[in-house]
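Student: Quick one: this structure, given as structure tokens, is what I'll be asking you about.
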Amino acid sequence: MNDGDERADARRLPKFAHGWRRTAIPLGADRFALGLVHARTGERVVELGSTAAPVLISDAGLRVLAHLEDHWPNASLDEAQQGVLGGESVEVRRLVLARLADEGRPPAALFHLLPWHLVDRLAGALSTALLGQDALDTGPVIALRNWFSPAGSRFTAALEQLDEGVRAHDRGLIRVAAASLCTRLGALDADRLPAGTRAALAELADVLARDDRFLGHAAAVAAARLRGGHAAPSRDPATVMATHLADAADGPSGIRRERTEFERPPFTVRLTVSATGRCTVSARATLTTDERDRLAREYGAVLLPVRISGQDGARRYWLILQVTSSSDGGPLGLSGAISTRLPEGDFVAADVDGAPLGLAEAGLLDVEEVERSVRAVTAYGAHQQWEHVAASLPANHPLRGVIDRASQ
């Protein structure tokens, strides 16, 4: 009925507008499939799952589903009904929760009916493997499929990608998957996960930060979200500044500037506001020689997301970071900066907005974000780095032209 488009909803197709009711369709041998029957014609259709097989359901499960649909989308389930639903196939549970998540306001605990023991096992196995205590390449693959998509943020896709990278000993793929996983976990409604799953994923986030310290802040945000529940962290006062400065100059340029610094390990972030109506955001970190070489291998280019906000909303930028060294043989560093007009209102805030990315993800970046980021760079070397990013993309990729125009 949906021509293979899994995003299509049969309830919105003209064919099913009137006269249909929920039923269980016998398949033989005491097996019943979830389906619909037309009250006048008797025509029946079978609901198929993601593998194009009939979705099996029990008589008790059908009654629970009928109750939900009769009170859609604000039906509540008592403990007995939740127990019945928990005994149905994973496909039934996923379908019900996906539809409730899209159209209703289901309690977070209802999502605990998903098969979270699979996520627990995979997260634990990955933590052990990344700590070098065990190998994954010979064990059975734990498939999570799309069963957990109703919980939001699609973090299980990144978890499976991390598993693939660990099994293949592919450091580049591990880096990409770890960045994605930390960012997605940081945006998750953690209350939709059982306590044991939250603990297993928080431990994995800690391990990922130890494996790649440039994920430190994103992993810490993810772990805090998992250990502390769904509430978003409050804004750090150190990240906010007033936009209106006194007229007195504080340096030889005669331009009044004020700044604040805060730590987002391993980066130190500085926000500077000037009386000329501009703000500058910079980030820096120290590097060892081994880390410099690892960044070149696994990142290719380091793109750190930052969000600058004011009373008129928020904008995301990408700081492209360069390896630096002092002329006197001091430590290596990694740094970058952007400068842009102050937002409207009496305050400006800036903060790191996720895990740093590399060349592997550059082609997926938002066009507008990239264009304003390139226009905002303050150093010639940063333009060269953006040109390196453009050169890594396919010849017909739209970001190549965007970066070229913005650089000029």
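Labels used: A, B, ... for chains in the order of the structure tokens, numbers from 1 for residues in each chain, and numbers from 1 for ligands as shown.
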Taking the chain letters and numbering used in this document, name the residues of region 31-97 of chain A that DSSP puts in alpha helix (DSSP H), as a list in words.

Tutor: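 Assigned to alpha helix (DSSP H), within region 31-97 of chain A: Asp59, Ala60, Gly61, Leu62, Arg63, Val64, Leu65, Ala66, His67, Leu68, Glu69, Asp70, Glu79, Ala80, Gln81, Gln82, Gly83, Val84, Leu85, Gly86, Val90, Glu91, Val92, Arg93, Arg94, Leu95, Val96 and Leu97 of chain A.
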
Student: Just N, CA and C atoms for this one: save the residues we selected as a compact mmCIF listing (two decimals), in the first residue's frame.

Tutor:
```txt
# COMPACT_ATOMS: atom_id res chain seq x y z
N ASP A 59 -4.10 -12.14 20.98
CA ASP A 59 -5.44 -11.60 21.19
C ASP A 59 -5.42 -10.50 22.25
N ALA A 60 -4.68 -10.75 23.34
CA ALA A 60 -4.57 -9.74 24.41
C ALA A 60 -3.87 -8.50 23.89
N GLY A 61 -2.84 -8.71 23.08
CA GLY A 61 -2.13 -7.57 22.51
C GLY A 61 -3.01 -6.75 21.60
N LEU A 62 -3.88 -7.42 20.84
CA LEU A 62 -4.80 -6.70 19.97
C LEU A 62 -5.75 -5.83 20.77
N ARG A 63 -6.21 -6.32 21.92
CA ARG A 63 -7.11 -5.53 22.75
C ARG A 63 -6.42 -4.28 23.29
N VAL A 64 -5.15 -4.42 23.66
CA VAL A 64 -4.39 -3.25 24.13
C VAL A 64 -4.23 -2.25 23.00
N LEU A 65 -3.91 -2.75 21.82
CA LEU A 65 -3.73 -1.86 20.68
C LEU A 65 -5.04 -1.16 20.32
N ALA A 66 -6.15 -1.90 20.37
CA ALA A 66 -7.45 -1.29 20.09
C ALA A 66 -7.77 -0.20 21.11
N HIS A 67 -7.42 -0.44 22.38
CA HIS A 67 -7.62 0.58 23.42
C HIS A 67 -6.82 1.85 23.10
N LEU A 68 -5.57 1.66 22.68
CA LEU A 68 -4.74 2.81 22.33
C LEU A 68 -5.34 3.60 21.17
N GLU A 69 -5.76 2.88 20.16
CA GLU A 69 -6.27 3.57 18.97
C GLU A 69 -7.63 4.23 19.22
N ASP A 70 -8.42 3.65 20.11
CA ASP A 70 -9.70 4.26 20.45
C ASP A 70 -9.53 5.57 21.19
N GLU A 79 -0.67 -0.87 34.43
CA GLU A 79 0.46 -1.79 34.57
C GLU A 79 0.20 -3.11 33.85
N ALA A 80 -1.03 -3.62 33.94
CA ALA A 80 -1.35 -4.88 33.27
C ALA A 80 -1.26 -4.75 31.77
N GLN A 81 -1.76 -3.64 31.22
CA GLN A 81 -1.69 -3.42 29.77
C GLN A 81 -0.25 -3.26 29.30
N GLN A 82 0.57 -2.57 30.11
CA GLN A 82 1.98 -2.45 29.75
C GLN A 82 2.65 -3.82 29.76
N GLY A 83 2.25 -4.67 30.69
CA GLY A 83 2.80 -6.02 30.72
C GLY A 83 2.44 -6.81 29.48
N VAL A 84 1.20 -6.66 29.02
CA VAL A 84 0.77 -7.34 27.79
C VAL A 84 1.57 -6.84 26.60
N LEU A 85 1.70 -5.51 26.47
CA LEU A 85 2.44 -4.94 25.36
C LEU A 85 3.91 -5.36 25.39
N GLY A 86 4.47 -5.46 26.60
CA GLY A 86 5.86 -5.89 26.73
C GLY A 86 6.08 -7.32 26.31
N VAL A 90 8.99 -7.45 19.27
CA VAL A 90 9.68 -6.17 19.23
C VAL A 90 9.07 -5.27 18.17
N GLU A 91 8.66 -5.85 17.05
CA GLU A 91 8.09 -5.04 15.96
C GLU A 91 6.80 -4.35 16.41
N VAL A 92 5.94 -5.04 17.15
CA VAL A 92 4.71 -4.41 17.65
C VAL A 92 5.07 -3.27 18.60
N ARG A 93 5.97 -3.53 19.52
CA ARG A 93 6.35 -2.50 20.48
C ARG A 93 6.95 -1.28 19.77
N ARG A 94 7.81 -1.53 18.79
CA ARG A 94 8.42 -0.41 18.06
C ARG A 94 7.37 0.39 17.31
N LEU A 95 6.46 -0.28 16.62
CA LEU A 95 5.43 0.42 15.86
C LEU A 95 4.57 1.30 16.77
N VAL A 96 4.13 0.73 17.88
CA VAL A 96 3.27 1.47 18.80
C VAL A 96 4.00 2.69 19.36
N LEU A 97 5.22 2.48 19.83
CA LEU A 97 5.97 3.58 20.46
C LEU A 97 6.38 4.64 19.44
```

Student: Using only C-alpha atoms, find each residue of region 238-353 of chain A with at least one atom at most 12 Å away from an atom of region 160-179 of chain A; report its shortest atom-to-atom pair and that distance in Å (one decimal), sort the rows by chain and rising residue number, and return the result as CSV.

Tutor:
```
residue,atom,partner,partner_atom,distance
A:Arg294,CA,A:Arg171,CA,9.6
A:Leu295,CA,A:Gly172,CA,10.1
A:Ala296,CA,A:Gly172,CA,10.6
A:Arg297,CA,A:Gly172,CA,7.6
A:Glu298,CA,A:Gly172,CA,4.9
A:Tyr299,CA,A:Gly172,CA,7.4
A:Gly300,CA,A:Gly172,CA,9.8
A:Val302,CA,A:Arg175,CA,11.8
A:Leu303,CA,A:Ala179,CA,11.5
A:Leu304,CA,A:Ala179,CA,11.1
A:Pro305,CA,A:Ala179,CA,11.7
A:Asp353,CA,A:Ala179,CA,11.9
```

Student: Okay, now the selection with N, CA, C and O atoms, as a PDB file, in the first residue's frame?

Tutor:
```
ATOM      1  N   ARG A 294      48.096  11.848  15.263  1.00  0.00           N
ATOM      2  CA  ARG A 294      46.797  11.154  15.293  1.00  0.00           C
ATOM      3  C   ARG A 294      45.707  12.011  14.684  1.00  0.00           C
ATOM      4  O   ARG A 294      44.846  11.510  13.957  1.00  0.00           O
ATOM      5  N   LEU A 295      45.723  13.308  14.957  1.00  0.00           N
ATOM      6  CA  LEU A 295      44.741  14.197  14.361  1.00  0.00           C
ATOM      7  C   LEU A 295      44.840  14.180  12.838  1.00  0.00           C
ATOM      8  O   LEU A 295      43.828  14.186  12.136  1.00  0.00           O
ATOM      9  N   ALA A 296      46.066  14.169  12.336  1.00  0.00           N
ATOM     10  CA  ALA A 296      46.256  14.138  10.888  1.00  0.00           C
ATOM     11  C   ALA A 296      45.704  12.856  10.286  1.00  0.00           C
ATOM     12  O   ALA A 296      45.084  12.868   9.213  1.00  0.00           O
ATOM     13  N   ARG A 297      45.891  11.729  10.986  1.00  0.00           N
ATOM     14  CA  ARG A 297      45.426  10.444  10.464  1.00  0.00           C
ATOM     15  C   ARG A 297      43.910  10.290  10.578  1.00  0.00           C
ATOM     16  O   ARG A 297      43.256   9.841   9.628  1.00  0.00           O
ATOM     17  N   GLU A 298      43.361  10.628  11.737  1.00  0.00           N
ATOM     18  CA  GLU A 298      41.972  10.279  12.022  1.00  0.00           C
ATOM     19  C   GLU A 298      40.981  11.408  11.744  1.00  0.00           C
ATOM     20  O   GLU A 298      39.807  11.139  11.485  1.00  0.00           O
ATOM     21  N   TYR A 299      41.438  12.656  11.806  1.00  0.00           N
ATOM     22  CA  TYR A 299      40.548  13.782  11.549  1.00  0.00           C
ATOM     23  C   TYR A 299      40.795  14.391  10.164  1.00  0.00           C
ATOM     24  O   TYR A 299      39.849  14.713   9.462  1.00  0.00           O
ATOM     25  N   GLY A 300      42.045  14.577   9.806  1.00  0.00           N
ATOM     26  CA  GLY A 300      42.367  15.255   8.548  1.00  0.00           C
ATOM     27  C   GLY A 300      42.262  16.755   8.697  1.00  0.00           C
ATOM     28  O   GLY A 300      43.150  17.508   8.309  1.00  0.00           O
ATOM     29  N   VAL A 302      40.253  19.478  11.790  1.00  0.00           N
ATOM     30  CA  VAL A 302      39.456  19.468  13.019  1.00  0.00           C
ATOM     31  C   VAL A 302      38.463  20.618  12.978  1.00  0.00           C
ATOM     32  O   VAL A 302      38.844  21.784  12.896  1.00  0.00           O
ATOM     33  N   LEU A 303      37.169  20.277  13.024  1.00  0.00           N
ATOM     34  CA  LEU A 303      36.089  21.255  12.951  1.00  0.00           C
ATOM     35  C   LEU A 303      35.319  21.205  14.270  1.00  0.00           C
ATOM     36  O   LEU A 303      34.641  20.219  14.569  1.00  0.00           O
ATOM     37  N   LEU A 304      35.423  22.281  15.045  1.00  0.00           N
ATOM     38  CA  LEU A 304      34.789  22.331  16.360  1.00  0.00           C
ATOM     39  C   LEU A 304      33.512  23.160  16.277  1.00  0.00           C
ATOM     40  O   LEU A 304      33.549  24.342  15.922  1.00  0.00           O
ATOM     41  N   PRO A 305      32.344  22.581  16.609  1.00  0.00           N
ATOM     42  CA  PRO A 305      31.098  23.352  16.547  1.00  0.00           C
ATOM     43  C   PRO A 305      30.942  24.262  17.753  1.00  0.00           C
ATOM     44  O   PRO A 305      31.153  23.844  18.893  1.00  0.00           O
ATOM     45  N   ASP A 353      29.355  23.173  20.991  1.00  0.00           N
ATOM     46  CA  ASP A 353      28.019  22.648  20.696  1.00  0.00           C
ATOM     47  C   ASP A 353      28.065  21.211  20.173  1.00  0.00           C
ATOM     48  O   ASP A 353      27.256  20.832  19.329  1.00  0.00           O
TER      49      ASP A 353
END
```

Student: List as a compact mmCIF listing (two decimals) with N, CA, C and O atoms, in the first residue's frame the protein and nucleic acid residues near region 11-22 of chain A, meaning an atom at most 6 Å away when only C-alpha atoms are counted, but skip any in the same chain fewer than 3 places from it.

Tutor:
```txt
# COMPACT_ATOMS: atom_id res chain seq x y z
N LEU A 36 -6.19 -4.95 9.28
CA LEU A 36 -7.40 -4.14 9.23
C LEU A 36 -8.43 -4.88 8.39
O LEU A 36 -8.09 -5.61 7.45
N VAL A 37 -9.69 -4.67 8.70
CA VAL A 37 -10.78 -5.25 7.92
C VAL A 37 -11.79 -4.15 7.62
O VAL A 37 -12.07 -3.29 8.47
N HIS A 38 -12.32 -4.17 6.39
CA HIS A 38 -13.31 -3.18 6.02
C HIS A 38 -14.69 -3.69 6.43
O HIS A 38 -15.09 -4.81 6.09
N ALA A 39 -15.43 -2.87 7.16
CA ALA A 39 -16.70 -3.31 7.74
C ALA A 39 -17.72 -3.70 6.68
O ALA A 39 -18.53 -4.61 6.88
```

Student: One number please: CA of Leu271 (chain A) to CA of Ala285 (chain A), in Å, one decimal.

Tutor: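 Spanning CA of Leu271 (chain A) to CA of Ala285 (chain A) is a straight-line distance of 15.3 Å.
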
Student: Tell me which of A:Val348, A:Leu188, A:Val306, A:Leu208 sits closest to Ala238 (chain A), counting only C-alpha atoms.

Tutor: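 Counting only C-alpha atoms, the residue closest to Ala238 (chain A) is A:Val348.
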
Student: Which value, in Å to one decimal, gives the distance between CA of Arg40 (chain A) and CA of Ala53 (chain A)?

Tutor: 26.6 Å

Student: Tell me, as a PyMOL selection string, which residues lie within 9 Å of His117 (chain A), counting only C-alpha atoms; anything in the same chain fewer than 3 positions away does not count.

Tutor: chain A and resi 114+120-122+196-197

Student: CA of Ala390 (chain A) to CA of Thr340 (chain A): how many Å, to one decimal?

Tutor: 22.1 Å

Student: Name all residues at most 8 Å from Leu321 (chain A) (count only C-alpha atoms; drop same-chain ones fewer than 2 positions away) and give them as a list in words.

Tutor: Ala301, Val302, Leu303, Leu304, Leu319, Val323, Leu334, Ser335, Gly336, Ala337 and Ala382 of chain A

Student: Could those residues be written to a file, using N, CA, C and O atoms, as a PDB file, in the first residue's frame?

Tutor:
```
ATOM      1  N   ALA A 301      41.172  17.225   9.235  1.00  0.00           N
ATOM      2  CA  ALA A 301      40.962  18.626   9.641  1.00  0.00           C
ATOM      3  C   ALA A 301      40.038  18.573  10.846  1.00  0.00           C
ATOM      4  O   ALA A 301      39.160  17.724  10.921  1.00  0.00           O
ATOM      5  N   VAL A 302      40.253  19.478  11.790  1.00  0.00           N
ATOM      6  CA  VAL A 302      39.456  19.468  13.019  1.00  0.00           C
ATOM      7  C   VAL A 302      38.463  20.618  12.978  1.00  0.00           C
ATOM      8  O   VAL A 302      38.844  21.784  12.896  1.00  0.00           O
ATOM      9  N   LEU A 303      37.169  20.277  13.024  1.00  0.00           N
ATOM     10  CA  LEU A 303      36.089  21.255  12.951  1.00  0.00           C
ATOM     11  C   LEU A 303      35.319  21.205  14.270  1.00  0.00           C
ATOM     12  O   LEU A 303      34.641  20.219  14.569  1.00  0.00           O
ATOM     13  N   LEU A 304      35.423  22.281  15.045  1.00  0.00           N
ATOM     14  CA  LEU A 304      34.789  22.331  16.360  1.00  0.00           C
ATOM     15  C   LEU A 304      33.512  23.160  16.277  1.00  0.00           C
ATOM     16  O   LEU A 304      33.549  24.342  15.922  1.00  0.00           O
ATOM     17  N   LEU A 319      34.499  26.225  14.020  1.00  0.00           N
ATOM     18  CA  LEU A 319      35.871  26.693  14.146  1.00  0.00           C
ATOM     19  C   LEU A 319      36.784  25.655  13.512  1.00  0.00           C
ATOM     20  O   LEU A 319      36.784  24.488  13.921  1.00  0.00           O
ATOM     21  N   VAL A 323      47.078  23.412  13.794  1.00  0.00           N
ATOM     22  CA  VAL A 323      48.189  23.055  14.668  1.00  0.00           C
ATOM     23  C   VAL A 323      49.175  24.210  14.668  1.00  0.00           C
ATOM     24  O   VAL A 323      49.557  24.732  13.619  1.00  0.00           O
ATOM     25  N   LEU A 334      46.690  23.568  19.345  1.00  0.00           N
ATOM     26  CA  LEU A 334      45.620  23.465  18.360  1.00  0.00           C
ATOM     27  C   LEU A 334      44.683  24.626  18.637  1.00  0.00           C
ATOM     28  O   LEU A 334      44.183  24.773  19.766  1.00  0.00           O
ATOM     29  N   SER A 335      44.449  25.482  17.641  1.00  0.00           N
ATOM     30  CA  SER A 335      43.653  26.671  17.922  1.00  0.00           C
ATOM     31  C   SER A 335      42.921  27.144  16.681  1.00  0.00           C
ATOM     32  O   SER A 335      43.274  26.804  15.543  1.00  0.00           O
ATOM     33  N   GLY A 336      41.897  27.959  16.927  1.00  0.00           N
ATOM     34  CA  GLY A 336      41.130  28.572  15.853  1.00  0.00           C
ATOM     35  C   GLY A 336      40.246  29.658  16.412  1.00  0.00           C
ATOM     36  O   GLY A 336      39.993  29.710  17.621  1.00  0.00           O
ATOM     37  N   ALA A 337      39.763  30.544  15.534  1.00  0.00           N
ATOM     38  CA  ALA A 337      38.934  31.656  15.986  1.00  0.00           C
ATOM     39  C   ALA A 337      38.024  32.119  14.860  1.00  0.00           C
ATOM     40  O   ALA A 337      38.337  31.954  13.673  1.00  0.00           O
ATOM     41  N   ALA A 382      43.535  29.733   8.409  1.00  0.00           N
ATOM     42  CA  ALA A 382      42.223  29.099   8.518  1.00  0.00           C
ATOM     43  C   ALA A 382      41.562  28.987   7.151  1.00  0.00           C
ATOM     44  O   ALA A 382      40.891  28.001   6.842  1.00  0.00           O
TER      45      ALA A 382
END
```

Student: Set the distance at 9 Å and use only C-alpha atoms: which residues neighbour Gly35 (chain A) once local chain neighbours fewer than 2 positions away are removed? I'd like the list as number ranges by chain.

Tutor: A: 21-25, 33, 37, 44-48, 54-55

Student: Write out as a list in words each polymer residue whose atoms come within 8 Å of Phe262 (chain A), counting only C-alpha atoms; drop sequence neighbours fewer than 5 positions from it.

Tutor: Ala238, Thr239, Thr268, Val269 and Arg270 of chain A

Student: Using the selection just defined, write its residues with N, CA and C atoms as a CSV table (one decimal), in the first residue's frame.

Tutor:
```
chain,number,residue,atom,x,y,z
A,238,ALA,N,29.8,31.7,32.9
A,238,ALA,CA,31.1,32.1,32.3
A,238,ALA,C,31.0,32.3,30.8
A,239,THR,N,29.9,31.7,30.2
A,239,THR,CA,29.8,31.8,28.7
A,239,THR,C,29.0,33.0,28.2
A,268,THR,N,40.3,25.3,25.9
A,268,THR,CA,40.0,26.6,26.6
A,268,THR,C,39.3,27.5,25.6
A,269,VAL,N,38.2,28.0,25.9
A,269,VAL,CA,37.4,28.8,25.0
A,269,VAL,C,37.4,30.2,25.5
A,270,ARG,N,37.6,31.2,24.6
A,270,ARG,CA,37.5,32.6,25.0
A,270,ARG,C,36.5,33.3,24.1
```
